[in-house]
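This is protein.txt. It holds compact mmCIF, C-alpha atoms and all ligand atoms.
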```txt
# COMPACT_ATOMS: atom_id res chain seq x y z
CA MET A 1 54.56 -55.89 126.07
CA ILE A 2 50.94 -55.48 127.16
CA VAL A 3 48.33 -57.58 125.32
CA ILE A 4 44.62 -56.92 125.78
CA GLU A 5 42.44 -59.52 124.08
CA GLY A 6 38.66 -59.40 123.76
CA VAL A 7 38.28 -57.55 127.04
CA HIS A 8 34.82 -56.80 128.37
CA HIS A 9 34.05 -55.38 131.78
CA ALA A 10 30.79 -54.81 133.59
CA TYR A 11 30.15 -53.26 137.01
CA GLY A 12 26.97 -55.13 137.88
CA GLU A 13 24.60 -54.60 134.95
CA ARG A 14 26.61 -51.72 133.52
CA GLN A 15 28.84 -52.68 130.57
CA VAL A 16 31.85 -50.39 130.73
CA LEU A 17 34.32 -52.07 128.33
CA ARG A 18 32.73 -53.74 125.34
CA GLY A 19 35.45 -55.63 123.47
CA ILE A 20 38.96 -54.14 123.62
CA ASP A 21 41.87 -55.61 121.65
CA LEU A 22 45.22 -53.84 121.91
CA GLU A 23 48.91 -54.75 121.82
CA LEU A 24 50.89 -52.03 123.52
CA SER A 25 54.62 -52.19 122.98
CA GLU A 26 55.44 -48.54 122.32
CA PRO A 27 57.41 -46.71 125.04
CA ARG A 28 54.84 -43.88 125.32
CA VAL A 29 51.14 -44.65 125.04
CA GLY A 30 48.37 -42.16 125.82
CA ILE A 31 44.74 -43.07 126.54
CA VAL A 32 42.07 -40.41 126.11
CA GLY A 33 38.28 -40.34 126.04
CA ALA A 34 35.20 -38.72 127.49
CA ASN A 35 34.33 -38.94 131.19
CA GLY A 36 33.00 -42.38 131.98
CA SER A 37 34.21 -43.94 128.72
CA GLY A 38 36.14 -46.67 130.57
CA LYS A 39 39.74 -45.36 130.56
CA SER A 40 40.44 -45.85 134.27
CA THR A 41 38.83 -49.27 134.21
CA LEU A 42 41.15 -50.26 131.37
CA ALA A 43 44.19 -48.70 133.06
CA ARG A 44 43.45 -50.52 136.31
CA MET A 45 43.35 -53.81 134.43
CA LEU A 46 46.97 -53.37 133.41
CA ASN A 47 48.13 -54.23 136.90
CA GLY A 48 45.23 -56.38 138.03
CA LEU A 49 43.42 -53.80 140.18
CA VAL A 50 40.37 -54.68 138.09
CA THR A 51 40.02 -58.03 136.33
CA PRO A 52 38.09 -58.39 133.06
CA THR A 53 34.59 -59.90 133.15
CA SER A 54 35.71 -61.71 129.99
CA GLY A 55 38.82 -61.64 127.83
CA LYS A 56 42.41 -61.49 128.94
CA VAL A 57 45.17 -59.00 129.76
CA THR A 58 48.79 -60.14 129.80
CA VAL A 59 51.96 -58.26 130.67
CA ASP A 60 55.13 -59.90 129.37
CA GLY A 61 53.05 -63.05 128.92
CA LEU A 62 51.72 -63.03 132.50
CA ASP A 63 47.93 -63.11 132.83
CA VAL A 64 47.07 -60.26 135.21
CA ALA A 65 44.03 -62.12 136.58
CA ARG A 66 46.11 -65.15 137.59
CA HIS A 67 49.50 -63.64 138.38
CA GLY A 68 48.50 -60.34 139.97
CA GLY A 69 51.46 -60.27 142.38
CA ALA A 70 54.07 -60.85 139.67
CA VAL A 71 52.36 -58.34 137.37
CA ARG A 72 52.26 -55.67 140.08
CA LYS A 73 56.05 -56.01 140.49
CA ARG A 74 56.38 -55.12 136.81
CA VAL A 75 53.61 -52.55 136.50
CA GLY A 76 53.62 -49.51 138.77
CA PHE A 77 50.34 -47.57 139.08
CA VAL A 78 49.93 -43.89 139.94
CA PHE A 79 46.46 -42.77 141.01
CA PRO A 80 44.88 -39.40 140.19
CA ASP A 81 44.80 -38.30 143.82
CA PRO A 82 48.25 -38.49 145.43
CA ASP A 83 46.75 -38.14 148.94
CA ALA A 84 45.25 -41.59 148.42
CA GLN A 85 48.72 -42.95 147.84
CA ILE A 86 50.64 -41.31 150.69
CA VAL A 87 50.85 -43.75 153.59
CA MET A 88 53.76 -42.65 155.75
CA PRO A 89 54.40 -39.46 157.78
CA THR A 90 57.51 -38.14 156.03
CA VAL A 91 58.49 -37.90 152.40
CA ALA A 92 61.50 -40.25 152.70
CA GLU A 93 59.55 -42.75 154.83
CA ASP A 94 56.77 -42.80 152.28
CA VAL A 95 59.15 -43.66 149.44
CA ALA A 96 60.98 -46.23 151.61
CA PHE A 97 57.63 -47.89 152.42
CA SER A 98 57.38 -49.00 148.78
CA LEU A 99 60.57 -51.02 149.26
CA ARG A 100 59.39 -52.86 152.38
CA ARG A 101 59.03 -56.19 150.56
CA GLN A 102 62.41 -56.00 148.85
CA LYS A 103 65.30 -57.57 150.67
CA LEU A 104 67.61 -54.56 150.74
CA SER A 105 70.19 -53.54 153.34
CA THR A 106 69.48 -50.25 155.12
CA GLN A 107 72.25 -48.65 153.07
CA GLU A 108 70.86 -49.93 149.75
CA ARG A 109 67.38 -48.79 150.70
CA ASP A 110 68.58 -45.32 151.76
CA GLU A 111 70.54 -44.98 148.51
CA ARG A 112 67.54 -45.92 146.38
CA VAL A 113 65.28 -43.53 148.32
CA GLY A 114 67.85 -40.70 148.22
CA GLY A 115 68.40 -41.23 144.49
CA VAL A 116 64.75 -41.06 143.56
CA LEU A 117 64.07 -38.05 145.81
CA ALA A 118 66.96 -36.19 144.19
CA ARG A 119 65.69 -37.05 140.71
CA PHE A 120 62.23 -35.73 141.54
CA GLY A 121 63.49 -32.55 143.18
CA LEU A 122 62.28 -33.68 146.61
CA ALA A 123 65.62 -34.25 148.38
CA GLU A 124 65.32 -31.09 150.48
CA HIS A 125 61.87 -32.26 151.67
CA ALA A 126 63.01 -35.77 152.67
CA ASP A 127 62.22 -35.28 156.37
CA HIS A 128 59.19 -33.04 155.92
CA PRO A 129 55.64 -34.21 156.63
CA ALA A 130 54.33 -35.62 153.33
CA HIS A 131 50.84 -34.17 153.82
CA LEU A 132 52.26 -30.63 153.93
CA LEU A 133 53.71 -30.79 150.42
CA SER A 134 52.05 -28.80 147.66
CA SER A 135 49.76 -30.68 145.26
CA GLY A 136 52.50 -30.75 142.63
CA GLN A 137 55.07 -32.03 145.10
CA LYS A 138 52.63 -34.69 146.31
CA GLN A 139 52.14 -35.83 142.76
CA LEU A 140 55.92 -36.05 142.37
CA LEU A 141 56.10 -38.00 145.63
CA ALA A 142 53.45 -40.45 144.41
CA LEU A 143 55.48 -41.01 141.24
CA ALA A 144 58.73 -41.35 143.20
CA ALA A 145 57.16 -43.89 145.55
CA VAL A 146 56.14 -46.03 142.57
CA LEU A 147 59.31 -45.63 140.51
CA VAL A 148 61.63 -46.47 143.42
CA THR A 149 60.47 -50.08 143.02
CA GLU A 150 61.86 -49.99 139.45
CA PRO A 151 58.82 -51.31 137.57
CA THR A 152 59.17 -52.02 133.84
CA VAL A 153 55.86 -50.30 133.05
CA LEU A 154 54.33 -47.22 134.63
CA VAL A 155 50.58 -46.67 134.34
CA ALA A 156 49.56 -43.16 135.37
CA ASP A 157 45.87 -42.31 135.63
CA GLU A 158 45.46 -38.55 135.27
CA PRO A 159 48.57 -37.72 137.29
CA THR A 160 48.41 -34.04 136.37
CA THR A 161 44.81 -33.16 137.27
CA LEU A 162 45.73 -31.22 140.40
CA LEU A 163 48.60 -29.38 138.80
CA ASP A 164 49.08 -25.99 137.23
CA LEU A 165 50.33 -25.99 133.66
CA ARG A 166 53.96 -25.59 134.69
CA ASN A 167 53.92 -28.58 137.02
CA ALA A 168 51.81 -30.61 134.58
CA ARG A 169 54.45 -30.03 131.93
CA ALA A 170 57.24 -30.87 134.39
CA ILE A 171 55.56 -34.19 135.26
CA THR A 172 54.97 -34.97 131.61
CA ARG A 173 58.60 -34.18 130.78
CA LEU A 174 59.63 -36.46 133.58
CA LEU A 175 57.35 -39.24 132.33
CA GLY A 176 58.78 -38.71 128.85
CA ASP A 177 62.34 -39.17 130.13
CA LEU A 178 61.71 -42.45 131.98
CA ASP A 179 63.34 -45.70 130.85
CA GLN A 180 60.06 -47.49 131.56
CA GLN A 181 57.16 -47.98 129.18
CA VAL A 182 54.55 -45.39 130.20
CA VAL A 183 50.79 -45.63 129.73
CA LEU A 184 49.23 -42.26 130.53
CA VAL A 185 45.49 -41.62 130.91
CA THR A 186 44.83 -37.92 130.59
CA HIS A 187 42.35 -35.22 129.62
CA GLN A 188 45.19 -32.78 128.95
CA LEU A 189 45.64 -33.53 125.27
CA SER A 190 48.53 -31.12 124.77
CA LEU A 191 50.65 -33.30 127.06
CA LEU A 192 50.57 -36.13 124.51
CA ALA A 193 52.26 -34.27 121.67
CA GLY A 194 55.37 -36.23 120.80
CA TRP A 195 54.07 -39.50 122.28
CA ASP A 196 54.29 -42.66 120.20
CA ARG A 197 50.67 -43.69 120.21
CA VAL A 198 47.31 -42.42 121.45
CA VAL A 199 44.30 -44.69 121.96
CA VAL A 200 40.85 -43.08 122.07
CA ILE A 201 38.18 -44.88 124.10
CA ASP A 202 34.52 -44.06 123.62
CA ASP A 203 31.71 -45.85 125.41
CA GLY A 204 33.92 -48.86 126.15
CA LEU A 205 35.35 -49.27 122.64
CA VAL A 206 38.56 -48.20 120.90
CA VAL A 207 37.47 -45.62 118.31
CA ALA A 208 40.88 -44.33 117.25
CA ASP A 209 44.41 -45.64 117.68
CA GLY A 210 47.52 -44.15 116.11
CA PRO A 211 49.91 -41.22 116.21
CA PRO A 212 48.82 -38.36 118.54
CA ALA A 213 47.84 -35.86 115.84
CA GLU A 214 45.56 -38.37 114.12
CA SER A 215 43.95 -39.84 117.24
CA LEU A 216 43.49 -36.50 118.96
CA GLY A 217 41.92 -35.06 115.81
CA THR A 218 39.41 -37.92 115.80
CA TYR A 219 38.73 -37.41 119.50
CA GLN A 220 38.13 -33.68 119.10
CA ARG A 221 35.74 -34.24 116.18
CA LEU A 222 33.94 -36.88 118.24
CA MET A 223 33.51 -34.46 121.15
CA GLU A 224 32.14 -31.75 118.84
CA THR A 225 29.48 -34.06 117.40
CA GLN A 226 28.25 -35.51 120.71
N1 LIG A 301 33.85 -49.56 141.10
C1 LIG A 301 32.86 -49.20 140.30
N2 LIG A 301 31.60 -49.64 140.51
C2 LIG A 301 30.58 -49.30 139.70
N3 LIG A 301 30.71 -48.51 138.62
C3 LIG A 301 31.94 -48.04 138.35
C4 LIG A 301 33.07 -48.35 139.18
N4 LIG A 301 34.16 -47.74 138.65
C5 LIG A 301 33.72 -47.07 137.55
N5 LIG A 301 32.40 -47.25 137.39
C6 LIG A 301 31.60 -46.71 136.28
O1 LIG A 301 32.14 -47.19 135.06
C7 LIG A 301 32.11 -46.16 134.08
C8 LIG A 301 33.51 -45.97 133.52
O2 LIG A 301 34.32 -45.45 134.56
P1 LIG A 301 35.88 -45.16 134.34
O3 LIG A 301 36.36 -44.57 135.64
O4 LIG A 301 36.55 -46.35 133.82
O5 LIG A 301 35.82 -44.04 133.20
P2 LIG A 301 36.85 -42.93 132.78
O6 LIG A 301 36.86 -42.94 131.30
O7 LIG A 301 38.16 -43.16 133.45
O8 LIG A 301 36.18 -41.61 133.31
P3 LIG A 301 36.81 -40.20 133.81
O9 LIG A 301 37.41 -39.54 132.61
O10 LIG A 301 35.61 -39.47 134.30
O11 LIG A 301 37.81 -40.50 134.90
C9 LIG A 301 31.53 -44.92 134.74
O12 LIG A 301 30.17 -44.86 134.41
C10 LIG A 301 31.70 -45.19 136.21
O13 LIG A 301 30.67 -44.60 136.96
```
Could I get this file's structure written as structure tokens?
Amino acid sequence: MIVIEGVHHAYGERQVLRGIDLELSEPRVGIVGANGSGKSTLARMLNGLVTPTSGKVTVDGLDVARHGGAVRKRVGFVFPDPDAQIVMPTVAEDVAFSLRRQKLSTQERDERVGGVLARFGLAEHADHPAHLLSSGQKQLLALAAVLVTEPTVLVADEPTTLLDLRNARAITRLLGDLDQQVVLVTHQLSLLAGWDRVVVIDDGLVVADGPPAESLGTYQRLMETQ
């Protein structure tokens, strides 16, 4: 359960979030909004990458500003640009790197890495240089490297921006099948059909919050009038 209470955020003088209150317990939550509306700032707060200027964010009762380490074990974060997330030379090494702080035997670690690579269709690339993967495969690798740690929540900030429609749909299907709660920030509205809840952010405020058809309708009308 993610609880966002009275959250404001400013970068210097610029107010980016201006009073957000949300309780997110649904398995599949989408966040949409215009460029610069504050979506990424809000998403980053969910695992303590950004802390609120005022107000509070808790995950399973843990305040992200005070218990960042414990929160980050629960909340995995996928960035828009997978290149920014790849840290090791090969695909398997990159996924294994995520497990460096977990006390696992070599066999346990190899099993976890092998399992996640198989699930993401990357097993045959295990020993390939990560930077030579296609954009879609890199995005899958970034997801695999986060999910191998078995977080309870996955926050994905525009994880399909680099992808063609086929790969974007594949990633969204994969996100839809996860056991974890997923919070997805996206501009690709069609990907959110069938999700439980869509929150629309505009100029740092929640302006719609409900089932996808309703929220996305409000968002589209908003974009036409601005
Ligand atoms: N680290 C930062 N320092 C200063 N300003 C920032 C920083 N990060 C974001 N901003 C500004 O805050 C505003 C909101 O940015 P944010 O990335 O949260 O919006 P967004 O809704 O995710 O946008 P987009 O859809 O374009 O990714 C923007 O005006 C942005 O320039």
- [ ] Return as a PyMOL selection string every polymer residue, whether protein, DNA or RNA, with at least one atom no more than 9 Å from an atom of ligand LIG 301 (chain A); count all atoms listed in the file.
- [x] chain A and resi 10-12+14-17+32-44+50+80+157-158+185-187+201-204
Open item on the list: Just checking: using only C-alpha atoms, which residue out of A:Val146, A:Val206, A:Leu184, A:Ala65 ends up closest to Ile86 of chain A?
Closed with: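 Comparing A:Val146, A:Val206, A:Leu184, A:Ala65 against Ile86 of chain A, the winner is A:Val146.
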Which residues are close to Gly68 of chain A, i.e. within 12 Å by all atoms listed in the file, leaving aside same-chain residues fewer than 4 positions away? Reply as a tab-separated table (two decimals) with C-alpha atoms, in the coordinates of the input.
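Resulting contents of around-v4.tsv:
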```
chain	number	residue	atom	x	y	z
A	44	ARG	CA	43.45	-50.52	136.31
A	45	MET	CA	43.35	-53.81	134.43
A	46	LEU	CA	46.97	-53.37	133.41
A	47	ASN	CA	48.13	-54.23	136.90
A	48	GLY	CA	45.23	-56.38	138.03
A	49	LEU	CA	43.42	-53.80	140.18
A	50	VAL	CA	40.37	-54.68	138.09
A	51	THR	CA	40.02	-58.03	136.33
A	57	VAL	CA	45.17	-59.00	129.76
A	58	THR	CA	48.79	-60.14	129.80
A	59	VAL	CA	51.96	-58.26	130.67
A	62	LEU	CA	51.72	-63.03	132.50
A	63	ASP	CA	47.93	-63.11	132.83
A	64	VAL	CA	47.07	-60.26	135.21
A	72	ARG	CA	52.26	-55.67	140.08
A	73	LYS	CA	56.05	-56.01	140.49
A	74	ARG	CA	56.38	-55.12	136.81
A	75	VAL	CA	53.61	-52.55	136.50
```
TODO: Just give me the gap between atom CA of Ala84 of chain A and atom CA of Gly121 of chain A in Å, one decimal is fine.
DONE: 21.0 Å
Which residues of segment 56-148 of chain A have any atom within 9 Å of an atom in segment 160-177 of chain A when counting only C-alpha atoms, and what is the closest pair of atoms for each, with the distance in Å to one decimal? Order the rows by chain and rising number and write it as a Markdown table.
```
| residue | atom | partner | partner_atom | distance |
| --- | --- | --- | --- | --- |
| A:Pro80 | CA | A:Thr161 | CA | 6.9 |
| A:Asp81 | CA | A:Leu162 | CA | 7.9 |
| A:Phe120 | CA | A:Leu174 | CA | 8.4 |
| A:Ser135 | CA | A:Leu162 | CA | 6.3 |
| A:Gly136 | CA | A:Leu163 | CA | 5.6 |
| A:Gln137 | CA | A:Asn167 | CA | 8.9 |
| A:Gln139 | CA | A:Thr160 | CA | 7.6 |
| A:Leu140 | CA | A:Ile171 | CA | 7.4 |
```
Task: Given all atoms listed in the file as the counted atoms, nearest of A:Asp94, A:Asp209, A:Asp83, A:Glu26 to Val116 of chain A - done: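 Looking only at the distances to Val116 of chain A, the closest residue turns out to be A:Asp94.
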Open item on the list: As an exercise, work out the distance from atom CA of Gly61 of chain A to atom CA of Ile2 of chain A in Å and give it to one decimal place.
Closed with: 8.1 Å
Open item on the list: Just to confirm, what's the straight-line distance from atom CA of Thr53 of chain A to atom CA of His8 of chain A in Å (one decimal)?
Closed with: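 Separation of atom CA of Thr53 of chain A and atom CA of His8 of chain A: 5.7 Å.
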Open item on the list: Which residue is closest to Ser134 of chain A? Choose from A:Leu192, A:Leu122, A:Glu214, A:Gln107 and count only C-alpha atoms.
Closed with: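 Counting only C-alpha atoms, the residue closest to Ser134 of chain A is A:Leu122.
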